[in-house]
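Structure file data_20.csv; described as CSV, C-alpha atoms and all ligand atoms.
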```csv
chain,number,residue,atom,x,y,z
A,105,MET,CA,-59.0,27.0,54.4
A,106,LYS,CA,-57.5,25.1,51.6
A,107,ASP,CA,-60.0,23.5,49.2
A,108,ASP,CA,-58.2,20.2,49.3
A,109,SER,CA,-58.6,20.0,53.1
A,110,ILE,CA,-62.3,20.5,52.8
A,111,ALA,CA,-62.5,18.0,49.9
A,112,GLN,CA,-60.7,15.4,52.1
A,113,ILE,CA,-63.2,15.9,54.9
A,114,ASP,CA,-66.1,15.8,52.5
A,115,ALA,CA,-64.8,12.4,51.0
A,116,ALA,CA,-64.8,10.9,54.5
A,117,ILE,CA,-68.4,11.8,55.5
A,118,ARG,CA,-70.6,8.7,55.0
A,119,ASP,CA,-74.2,8.8,53.8
A,120,VAL,CA,-76.3,6.3,55.8
A,121,HIS,CA,-79.7,5.8,54.1
A,122,ASP,CA,-82.9,5.4,56.1
A,123,PHE,CA,-81.3,6.2,59.5
A,124,PRO,CA,-82.8,6.9,62.0
A,125,LYS,CA,-86.0,6.4,60.0
A,126,PRO,CA,-87.0,5.6,56.4
A,127,GLY,CA,-86.4,8.5,54.0
A,128,ILE,CA,-83.6,10.2,56.0
A,129,VAL,CA,-80.0,10.3,54.6
A,130,PHE,CA,-78.0,10.5,57.8
A,131,LYS,CA,-74.6,12.3,57.4
A,132,ASP,CA,-72.2,10.1,59.5
A,133,ILE,CA,-69.2,12.2,60.6
A,134,THR,CA,-67.6,9.4,62.7
A,135,PRO,CA,-65.1,8.6,59.9
A,136,VAL,CA,-63.9,12.2,60.2
A,137,LEU,CA,-63.5,11.9,63.9
A,138,GLY,CA,-61.7,8.5,63.6
A,139,ASP,CA,-59.0,10.0,61.4
A,140,GLY,CA,-56.6,12.1,63.4
A,141,LYS,CA,-55.5,14.2,60.5
A,142,LEU,CA,-59.1,14.9,59.3
A,143,PHE,CA,-60.3,15.7,62.8
A,144,ARG,CA,-57.5,18.2,63.1
A,145,LEU,CA,-58.3,19.7,59.7
A,146,THR,CA,-61.9,20.0,60.7
A,147,THR,CA,-61.0,21.8,63.9
A,148,ASP,CA,-58.7,24.1,61.8
A,149,ALA,CA,-61.6,24.8,59.5
A,150,PHE,CA,-63.9,25.7,62.4
A,151,ALA,CA,-61.3,28.0,63.8
A,152,HIS,CA,-61.0,29.7,60.4
A,153,THR,CA,-64.7,30.6,60.5
A,154,LEU,CA,-63.9,33.0,63.4
A,155,GLN,CA,-62.1,35.3,61.0
A,156,GLY,CA,-59.5,36.1,63.6
A,157,GLU,CA,-61.9,36.9,66.4
A,158,GLN,CA,-61.4,35.4,69.9
A,159,PRO,CA,-64.5,34.2,71.6
A,160,ASP,CA,-64.8,33.9,75.4
A,161,LYS,CA,-66.8,30.7,75.0
A,162,VAL,CA,-67.5,28.0,72.4
A,163,ILE,CA,-71.1,26.8,72.6
A,164,GLY,CA,-71.5,23.1,71.5
A,165,ILE,CA,-74.9,21.8,70.6
A,166,ASP,CA,-75.9,18.4,71.8
A,167,ALA,CA,-74.5,16.0,70.9
A,168,ARG,CA,-72.0,16.1,68.0
A,169,GLY,CA,-71.5,19.8,68.5
A,170,PHE,CA,-69.8,18.8,71.8
A,171,ILE,CA,-67.1,17.0,70.0
A,172,PHE,CA,-66.2,19.7,67.4
A,173,GLY,CA,-66.9,22.5,69.9
A,174,ALA,CA,-64.7,21.1,72.7
A,175,ALA,CA,-61.8,20.5,70.2
A,176,LEU,CA,-62.2,24.1,68.9
A,177,ALA,CA,-62.3,25.5,72.5
A,178,ASP,CA,-59.1,23.7,73.4
A,179,ARG,CA,-57.4,24.8,70.2
A,180,ILE,CA,-58.1,28.5,70.6
A,181,GLY,CA,-58.0,28.7,74.4
A,182,SER,CA,-61.7,29.5,75.0
A,183,GLY,CA,-64.1,28.1,77.5
A,184,PHE,CA,-66.7,25.4,76.4
A,185,VAL,CA,-70.4,25.5,77.2
A,186,PRO,CA,-72.8,22.7,76.4
A,187,VAL,CA,-76.4,23.3,75.1
A,188,ARG,CA,-78.1,20.1,76.1
A,189,LYS,CA,-81.3,18.2,75.7
A,190,LYS,CA,-83.9,18.7,78.4
A,191,GLY,CA,-83.1,17.3,81.9
A,192,LYS,CA,-79.4,16.7,81.4
A,193,LEU,CA,-77.8,19.8,83.0
A,194,PRO,CA,-77.6,19.6,86.8
A,195,TRP,CA,-77.5,23.4,87.8
A,196,GLU,CA,-80.1,26.1,87.2
A,197,THR,CA,-81.1,26.2,83.6
A,198,THR,CA,-83.0,28.3,81.1
A,199,GLY,CA,-84.6,26.4,78.2
A,200,VAL,CA,-86.5,26.7,75.0
A,201,ALA,CA,-88.9,24.4,73.2
A,202,TYR,CA,-88.9,24.2,69.4
A,203,SER,CA,-90.6,22.2,66.7
A,204,LEU,CA,-89.2,19.2,64.9
A,205,GLU,CA,-90.5,17.6,61.7
A,206,TYR,CA,-92.5,15.4,64.0
A,207,GLY,CA,-93.2,16.6,67.6
A,208,GLU,CA,-91.2,18.9,69.8
A,209,ALA,CA,-87.8,19.2,71.3
A,210,HIS,CA,-86.3,21.2,74.2
A,211,VAL,CA,-82.8,22.4,74.8
A,212,GLU,CA,-81.3,24.0,77.9
A,213,ILE,CA,-78.2,25.9,79.0
A,214,HIS,CA,-76.9,26.7,82.5
A,215,LYS,CA,-78.0,30.2,83.5
A,216,ASP,CA,-74.5,31.2,84.6
A,217,ALA,CA,-72.7,29.6,81.5
A,218,ILE,CA,-72.4,32.9,79.6
A,219,LEU,CA,-72.0,36.4,81.2
A,220,PRO,CA,-73.6,39.4,79.6
A,221,GLY,CA,-71.4,40.7,76.8
A,222,GLU,CA,-69.3,37.6,76.4
A,223,LYS,CA,-68.4,36.8,72.9
A,224,VAL,CA,-69.3,33.3,71.7
A,225,ILE,CA,-69.3,31.0,68.7
A,226,LEU,CA,-71.9,28.2,68.4
A,227,VAL,CA,-70.8,24.9,66.8
A,228,ASP,CA,-72.8,21.9,65.5
A,229,ASP,CA,-72.2,19.2,63.0
A,230,LEU,CA,-75.1,19.8,60.8
A,231,LEU,CA,-77.7,22.5,59.8
A,232,ALA,CA,-80.9,20.9,58.7
A,233,THR,CA,-84.2,22.8,59.3
A,234,GLY,CA,-82.5,25.2,61.7
A,235,GLY,CA,-84.8,24.4,64.6
A,236,THR,CA,-82.0,23.2,66.9
A,237,ALA,CA,-79.5,26.0,66.1
A,238,GLY,CA,-82.3,28.6,66.3
A,239,ALA,CA,-83.2,27.5,69.8
A,240,ALA,CA,-79.5,27.6,70.9
A,241,ILE,CA,-79.1,31.1,69.4
A,242,GLN,CA,-82.2,32.1,71.4
A,243,LEU,CA,-80.7,30.8,74.7
A,244,VAL,CA,-77.4,32.6,74.1
A,245,LYS,CA,-79.2,35.9,73.4
A,246,GLU,CA,-81.3,35.5,76.5
A,247,LEU,CA,-78.1,35.3,78.6
A,248,GLY,CA,-76.7,38.4,76.9
A,249,GLY,CA,-74.0,36.6,74.8
A,250,GLU,CA,-72.6,38.3,71.7
A,251,ILE,CA,-72.6,35.8,68.9
A,252,LEU,CA,-69.6,36.1,66.6
A,253,CYS,CA,-70.8,33.3,64.3
A,254,VAL,CA,-72.6,30.0,64.2
A,255,SER,CA,-70.5,27.3,62.4
A,256,PHE,CA,-71.5,24.0,61.0
A,257,LEU,CA,-69.5,21.2,59.4
A,258,ILE,CA,-72.4,20.5,57.1
A,259,GLU,CA,-75.4,22.5,55.8
A,260,LEU,CA,-78.2,20.7,54.0
A,261,ALA,CA,-79.1,23.7,51.9
A,262,PHE,CA,-82.2,22.2,50.3
A,263,LEU,CA,-83.9,22.3,53.7
A,264,GLU,CA,-83.4,26.1,53.8
A,265,GLY,CA,-82.6,26.0,57.6
A,266,ARG,CA,-80.6,29.2,57.2
A,267,LYS,CA,-83.9,31.1,56.6
A,268,ASN,CA,-85.1,30.1,60.0
A,269,LEU,CA,-82.0,31.6,61.8
A,270,ASP,CA,-81.8,35.2,63.0
A,271,SER,CA,-80.7,37.4,60.2
A,272,ASP,CA,-78.3,39.4,62.4
A,273,VAL,CA,-76.2,36.3,63.0
A,274,ARG,CA,-73.3,35.2,60.7
A,275,ILE,CA,-73.8,31.6,59.6
A,276,GLU,CA,-70.8,29.6,58.3
A,277,SER,CA,-70.8,26.0,56.9
A,278,LEU,CA,-67.7,24.2,55.9
A,279,LEU,CA,-69.6,21.9,53.5
A,280,THR,CA,-72.9,22.6,51.7
A,281,TYR,CA,-75.1,19.9,50.1
B,301,LIG,P1,-82.3,20.8,62.6
B,301,LIG,O1,-82.8,21.2,64.0
B,301,LIG,O2,-83.5,20.3,61.7
B,301,LIG,O3,-81.5,21.8,61.9
B,301,LIG,O4,-81.4,19.5,62.8
B,301,LIG,C1,-80.1,19.6,63.2
B,301,LIG,C2,-79.7,18.6,64.2
B,301,LIG,O5,-80.2,17.3,63.9
B,301,LIG,C3,-78.2,18.6,64.3
B,301,LIG,O6,-77.8,18.6,65.7
B,301,LIG,C4,-77.9,17.3,63.6
B,301,LIG,O7,-76.9,16.6,64.3
B,301,LIG,C5,-79.1,16.5,63.5
B,301,LIG,N1,-79.4,16.1,62.1
B,301,LIG,C6,-80.5,16.5,61.3
B,301,LIG,N2,-80.5,15.9,60.1
B,301,LIG,C7,-79.4,15.2,60.0
B,301,LIG,C8,-78.9,14.3,59.0
B,301,LIG,N3,-79.4,14.2,57.8
B,301,LIG,N4,-77.7,13.7,59.3
B,301,LIG,C9,-77.1,13.9,60.5
B,301,LIG,N5,-77.6,14.6,61.5
B,301,LIG,C10,-78.7,15.3,61.3
```

For the structure just supplied, provide its representation as structure tokens.
Ligand code: AMP
Amino acid sequence: MKDDSIAQIDAAIRDVHDFPKPGIVFKDITPVLGDGKLFRLTTDAFAHTLQGEQPDKVIGIDARGFIFGAALADRIGSGFVPVRKKGKLPWETTGVAYSLEYGEAHVEIHKDAILPGEKVILVDDLLATGGTAGAAIQLVKELGGEILCVSFLIELAFLEGRKNLDSDVRIESLLTY
């Protein structure tokens, strides 16, 4: 990807202080989505992280991963699979609980969403502590999916979330803070 495309995306991301609670600087990606050119550049950049490989499925992580993941799936002609928060998926699911800074969270996937041996890419907007992505990776592995890479728009490197993700998985971030 061209550096100036990434710089344009970077410039559009808005820092919202003390959201959703005091002390958090929330990376608001809605200005990127609201600009047709930037949204397309972001989808291009996600596609680039595949390094020419063709996945069977794009796995989008609840909720902003759905937006980027679905756009990517449409772009490259792959299926799309949502990893959702507990209780949202209607069919048979498998789930995993993981720790957040305060308390616990739980994500689920449909049991038949990935066939053993299918190649997948996981997509989310942001890597913070890695808890969410780590749980999604665990679900994909449980179903027998082969992970080509896990791609984020933003990585908050100071939280060292990468260290909490499986070392055999390729992690890509378009922007690192
Ligand atoms: P984590 O499980 O700690 O890696 O958190 C990642 C998830 O929480 C992602 O799905 C993000 O959308 C969201 N998230 C965490 N921190 C932020 C932040 N500072 N700005 C925006 N989203 C965040």

Residue with the minimum atom-to-atom distance to Tyr281 (chain A), picked from A:Val136, A:Val129, A:His121, A:Tyr202 with all atoms listed in the file counted, is A:Val129

Between A:Gly164, A:Gly181, A:Ala209, A:Ser271, which has the minimum distance to Val244 (chain A) (counting only C-alpha atoms)?
-> A:Gly164

Interface rows for region 163-239 of chain A against region 143-154 of chain A: nearest pair, Å to one decimal, 12 Å, all atoms listed in the file, as a tab-separated table:
```
residue	atom	partner	partner_atom	distance
A:Gly169	CA	A:Phe150	CA	11.4
A:Ile171	CA	A:Thr147	CA	9.9
A:Phe172	CA	A:Thr147	CA	6.6
A:Gly173	CA	A:Thr147	CA	8.4
A:Ala174	CA	A:Thr147	CA	9.6
A:Ala175	CA	A:Thr147	CA	6.5
A:Leu176	CA	A:Thr147	CA	5.6
A:Ala177	CA	A:Ala151	CA	9.1
A:Asp178	CA	A:Thr147	CA	9.9
A:Arg179	CA	A:Thr147	CA	7.9
A:Ile180	CA	A:Ala151	CA	7.5
A:Gly181	CA	A:Ala151	CA	11.1
A:Ser182	CA	A:Ala151	CA	11.3
A:Lys223	CA	A:Leu154	CA	11.2
A:Val224	CA	A:Leu154	CA	9.9
A:Ile225	CA	A:Leu154	CA	7.8
A:Leu226	CA	A:Phe150	CA	10.3
A:Val227	CA	A:Phe150	CA	8.2
A:Asp228	CA	A:Phe150	CA	10.2
A:Asp229	CA	A:Phe150	CA	10.6
```

Residues up to 9 Å from ligand LIG 301 (chain B), counting all atoms listed in the file: could you list those as a PyMOL selection string?
-> chain A and resi 119-120+123-124+128-133+165-169+202-205+228-239+258-260+263+265-266

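Shortest separation to Ile218 (chain A) among A:Gly199, A:Asp160, A:Phe262, A:Lys267 occurs at residue A:Asp160, atoms counted being only C-alpha atoms.
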
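What separates CA of Glu222 (chain A) from CA of Met105 (chain A) is a distance of 26.5 Å.
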
Record the distance separating CA of Pro220 (chain A) and CA of Leu278 (chain A), expressed in Å with one decimal.
-> 28.8 Å

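Note that CA of Arg188 (chain A) and CA of His210 (chain A) are 8.5 Å apart.
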
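Between Gly183 (chain A) and the residues A:Gly140, A:Ala217, A:Tyr206, A:Ala115, the shortest atom-to-atom distance, using all atoms listed in the file, involves A:Ala217.
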
Which residue out of A:Val187, A:Val200, A:Ile213, A:Ile163 has the minimum interatomic distance to Cys253 (chain A) when all atoms listed in the file are used?
-> A:Ile163
